[in-house]
Amino acid sequence: MANDKREVILEVKNLKQHFKTGKKTVKAVDDVSFEIYKGETFGLVGESGSGKTTTGRSIIKLYNITDGEVFFKGKRTSVNPKSIQSRIKKLQVGITREVERKLSLVEELEQKIYDLRIARNAKVRDLKEEIELLKERKSNRKLNKINDKIEEIDSEMNQKIVKLEDRIIKVQEEIEQDKARNLNNSDLEKLIEELKTDLPKATLDNKVTEEFTMDLQMIFQDPMASLNPRMTVRNIIAEGLDISYKRKPRAERQKLAESYKEKREEKIEKLINIVGLDKEHLNRYPHEFSGGQRQRIGIARALITNPDFIIADEPISALDVSIQAQVVNLMNKLKDEFGLTYLFIAHDLSMVRFISDRLGVMHLGKLVEYGDADKIYNNPVHPYTKSLLSAIPLPDPDYEQGRRRIKYDKTYIAYNAGGYHEVSKDHFVLGTKEEVEAWKAE
Ligand SMILES: Nc1ncnc2c1ncn2[C@@H]1O[C@H](COP(=O)(O)OP(=O)(O)OP(=O)(O)O)[C@@H](O)[C@H]1O
């Protein structure tokens with residue numbers, strides 16, 4: 001599993017998703033970063049309200065993100081234009097400060113030149129008085145000596161002044177460069193426009209690009225709520241294809257019409273079989289199916305666009321335990337068959353543990369620990385992960401009798417300090433250095 005040549009398919013960088021509700025701001029996702037490799041199952045776990053769903057929805061662009069970036073197959077798919085703007089502003093403030101610092105350096109250097117001249121004048125004044133006396137005494141030899149001395153003082157001072165003036169010129173040039181770097185407002189607007197065109201348009205108006213919609217699909221927790229009750233299974237499954245077809249220009253659609261119908265039907269029939277249902281189910285409506293069957297329909301619907309990435313948000317939580325394993329097995333089979341990558345969101349760790357290659361543990365909008373799933377299960381470091389894992393029941397009566405949930409006191413954790421620390425290869429923990437060291441030693 002741990003292979004350095006793994007290809008990153010999804011990268012989430014400093015993702016923030018905050019919601020304003022009245023006066024309060026809910027930081028549903030707060031500065032979360034992680035990456036998912038092609039072909040793996042990345043389990044995102046945490047208790048209800050920790051921000052897992054919001055993370056998934058932000059990735060699939062159901063929200064305009066508050067801050068951060070998301071890259072899918074190396075292409076930036078999400079960035080908040082306001083956050084670009086604020087970053088540029090910060091840069092400008094930084095440059096302004098730098099200019100101020102340099103201006104005061106110039107002042108300092110000018111002061112030094114002034115001080116040198118004062119010191120020189122004081123010295124020379126005394127010598128000149130002496131000269132007047134010597135002139136009266138007509139002592140030419142001594143006179144010459146003092147004149148030489150004054151010349152010496154002057155040349156020494158001039159050398160110093162030349163050096164200082166050179167520095168001043170250099171700093172002034174730097175100030176000009178800084179000022180040129182500091183964009184005026186119209187340049188700023190231009191830069192933002194450039195950044196915008198650099199991104200898929202979807203990023204900014206929250207419409208989704210064609211490619212992205214096809215490549216990235218979602219499976220939801222409650223298939224009944226996510227399947228339109230008034231649509232037949234056939235049309236539900238075909239929805240992704242139909243949307244993309246309807247987006248095509250009319251002329252192209254007319255040309256394709258016949259072959260599209262055929263291909264569509266072919267694909268639907270193939271998929272209904274693949275997910276373990278029957279062709280004759282296609283004319284029925286969602287309410288005629290059991291929970292497990294409805295989830296199979298949801299899976300077929302996700303597969304119709306040939307995605308390579310699927311976000312499965314609690315896909316088995318609403319199902320009977322007996323059905324859960326069936327759906328998980330089906331998803332695993334499809335993963336191999338179609339070369340899929342999964343982001344598998346779940347609050348119940350007992351199943352995720354068996355299917356995840358890598359894992360992220362969320363708590364209060366933060367990703368507190370992530371990386372290789374085995375490492376995290378066998379050697380959890382963050383106190384929240386330890387507590388969460390201790391809550392998983394095991395099919396072992398002796399263990400169960402002694403099992404106690406490890407208490408977790410979040411007040412001890414400095415969530416806003418520190419960053420991610422790699423405690424072993426592909427195993428990252430959020431905290432300050434001291435915290436992580438202490439947790440490791442526990
Ligand atoms: N649209 C929204 N407006 C305001 N607050 C929201 C919104 N969506 C989510 N939240 C809040 O953000 C926090 C994280 O919610 P989220 O649904 O992402 O958590 P979760 O870990 O997926 O939990 P669950 O398993 O219960 O769905 C919660 O406090 C929730 O109330």
# chains A, B, ... in the order shown; residues from 1 in each chain; ligands from 1
>>> residues_near_ligand(ligand="ligand 1", cutoff="9 Å", atoms="only C-alpha atoms and all ligand atoms", output="PyMOL selection string")
chain A and resi 17-21+25-29+45-57+63+313-314+345-347+362-365
>>> residues_around(residues="stretch 288-295 of chain A", least_positions_apart="2", cutoff="9 Å", atoms="only C-alpha atoms", output="PyMOL selection string")
chain A and resi 219-224+227+275-277+284-286+297-300+315-316+318-320+323-324+326-327
>>> closest_residue(among="A:Ala238, A:Asp148, A:Glu35, A:Val352", to="A:Phe428", atoms="only C-alpha atoms")
A:Glu35
>>> closest_residue(among="A:Arg247, A:Met214, A:Ser350, A:Ile268", to="A:Asn235", atoms="only C-alpha atoms")
A:Ile268
>>> atom_distance(atom1="atom CA of A:Ser390", atom2="atom CA of A:Leu330")
28.4 Å
>>> residues_around(residues="stretch 258-260 of chain A", least_positions_apart="5", cutoff="10 Å", atoms="only C-alpha atoms", output="ChimeraX atom specification")
/A:241-242,245,253,265-266
>>> select_by_dssp(residues="stretch 18-261 of chain A", states="helix (DSSP H, G or I)", output="JSON, numbers by chain")
{"A": [52, 53, 54, 55, 56, 57, 58, 59, 81, 82, 83, 84, 85, 86, 87, 88, 89, 90, 91, 92, 93, 94, 95, 96, 97, 98, 99, 100, 101, 102, 103, 104, 105, 106, 107, 108, 109, 110, 111, 112, 113, 114, 115, 116, 117, 118, 119, 120, 121, 122, 123, 124, 125, 126, 127, 128, 129, 130, 131, 132, 133, 134, 135, 136, 137, 140, 141, 142, 143, 144, 145, 146, 147, 148, 149, 150, 151, 152, 153, 154, 155, 156, 157, 158, 159, 160, 161, 162, 163, 164, 165, 166, 167, 168, 169, 170, 171, 172, 173, 174, 175, 176, 177, 178, 179, 180, 181, 185, 186, 187, 188, 189, 190, 191, 192, 193, 194, 195, 196, 197, 198, 202, 203, 204, 205, 210, 211, 212, 213, 214, 215, 223, 224, 225, 226, 233, 234, 235, 236, 237, 238, 239, 240, 241, 242, 243, 244, 245, 246, 247, 250, 251, 252, 253, 254, 255, 256, 257, 258, 259, 260, 261]}
>>> closest_residue(among="A:Ile95, A:Leu109, A:Val429, A:Ile153", to="A:Asn379", atoms="only C-alpha atoms")
A:Val429
>>> closest_residue(among="A:Asp336, A:Leu105, A:Lys261, A:Ile36", to="A:Lys170", atoms="only C-alpha atoms")
A:Leu105
>>> closest_residue(among="A:Arg230, A:Leu116, A:Val423, A:Gln254", to="A:Glu437", atoms="only C-alpha atoms")
A:Val423
>>> select_by_dssp(residues="stretch 143-366 of chain A", states="strand (DSSP E or B)", output="ChimeraX atom specification")
/A:216-219,309-313,341-346,358-363,366
>>> write_last_selection(atoms="C-alpha atoms", output="PDB file, in the first residue's frame")
ATOM      1  CA  LEU A 216     -16.732  12.794  -9.611  1.00  0.00           C
ATOM      2  CA  GLN A 217     -19.917  11.263  -8.308  1.00  0.00           C
ATOM      3  CA  MET A 218     -21.641  10.947  -4.976  1.00  0.00           C
ATOM      4  CA  ILE A 219     -23.543   8.226  -3.163  1.00  0.00           C
ATOM      5  CA  PHE A 309     -13.866   9.185  -7.933  1.00  0.00           C
ATOM      6  CA  ILE A 310     -16.863   8.539  -5.719  1.00  0.00           C
ATOM      7  CA  ILE A 311     -17.740  10.287  -2.497  1.00  0.00           C
ATOM      8  CA  ALA A 312     -19.871   7.908  -0.480  1.00  0.00           C
ATOM      9  CA  ASP A 313     -21.484   9.792   2.393  1.00  0.00           C
ATOM     10  CA  THR A 341     -11.237   5.808  -5.810  1.00  0.00           C
ATOM     11  CA  TYR A 342     -13.505   6.281  -2.790  1.00  0.00           C
ATOM     12  CA  LEU A 343     -13.901   8.907  -0.173  1.00  0.00           C
ATOM     13  CA  PHE A 344     -15.943   6.930   2.305  1.00  0.00           C
ATOM     14  CA  ILE A 345     -17.603   9.052   4.996  1.00  0.00           C
ATOM     15  CA  ALA A 346     -18.806   7.262   8.121  1.00  0.00           C
ATOM     16  CA  ARG A 358      -6.129   5.468   4.486  1.00  0.00           C
ATOM     17  CA  LEU A 359      -8.122   7.304   7.032  1.00  0.00           C
ATOM     18  CA  GLY A 360      -8.905  10.808   8.266  1.00  0.00           C
ATOM     19  CA  VAL A 361     -10.330  11.485  11.714  1.00  0.00           C
ATOM     20  CA  MET A 362     -12.420  14.626  12.054  1.00  0.00           C
ATOM     21  CA  HIS A 363     -13.360  16.455  15.193  1.00  0.00           C
ATOM     22  CA  LYS A 366     -10.572  19.808  12.218  1.00  0.00           C
TER      23      LYS A 366
END
>>> atom_distance(atom1="atom CA of A:Ile392", atom2="atom CA of A:Asn332")
22.2 Å
>>> closest_residue(among="A:Asp67, A:Asp178, A:Asp31, A:Asp308", to="A:Glu100", atoms="only C-alpha atoms")
A:Asp178
>>> residues_around(residues="A:Glu108", least_positions_apart="6", cutoff="10 Å", atoms="only C-alpha atoms", output="JSON, numbers by chain")
{"A": [102, 114, 168]}
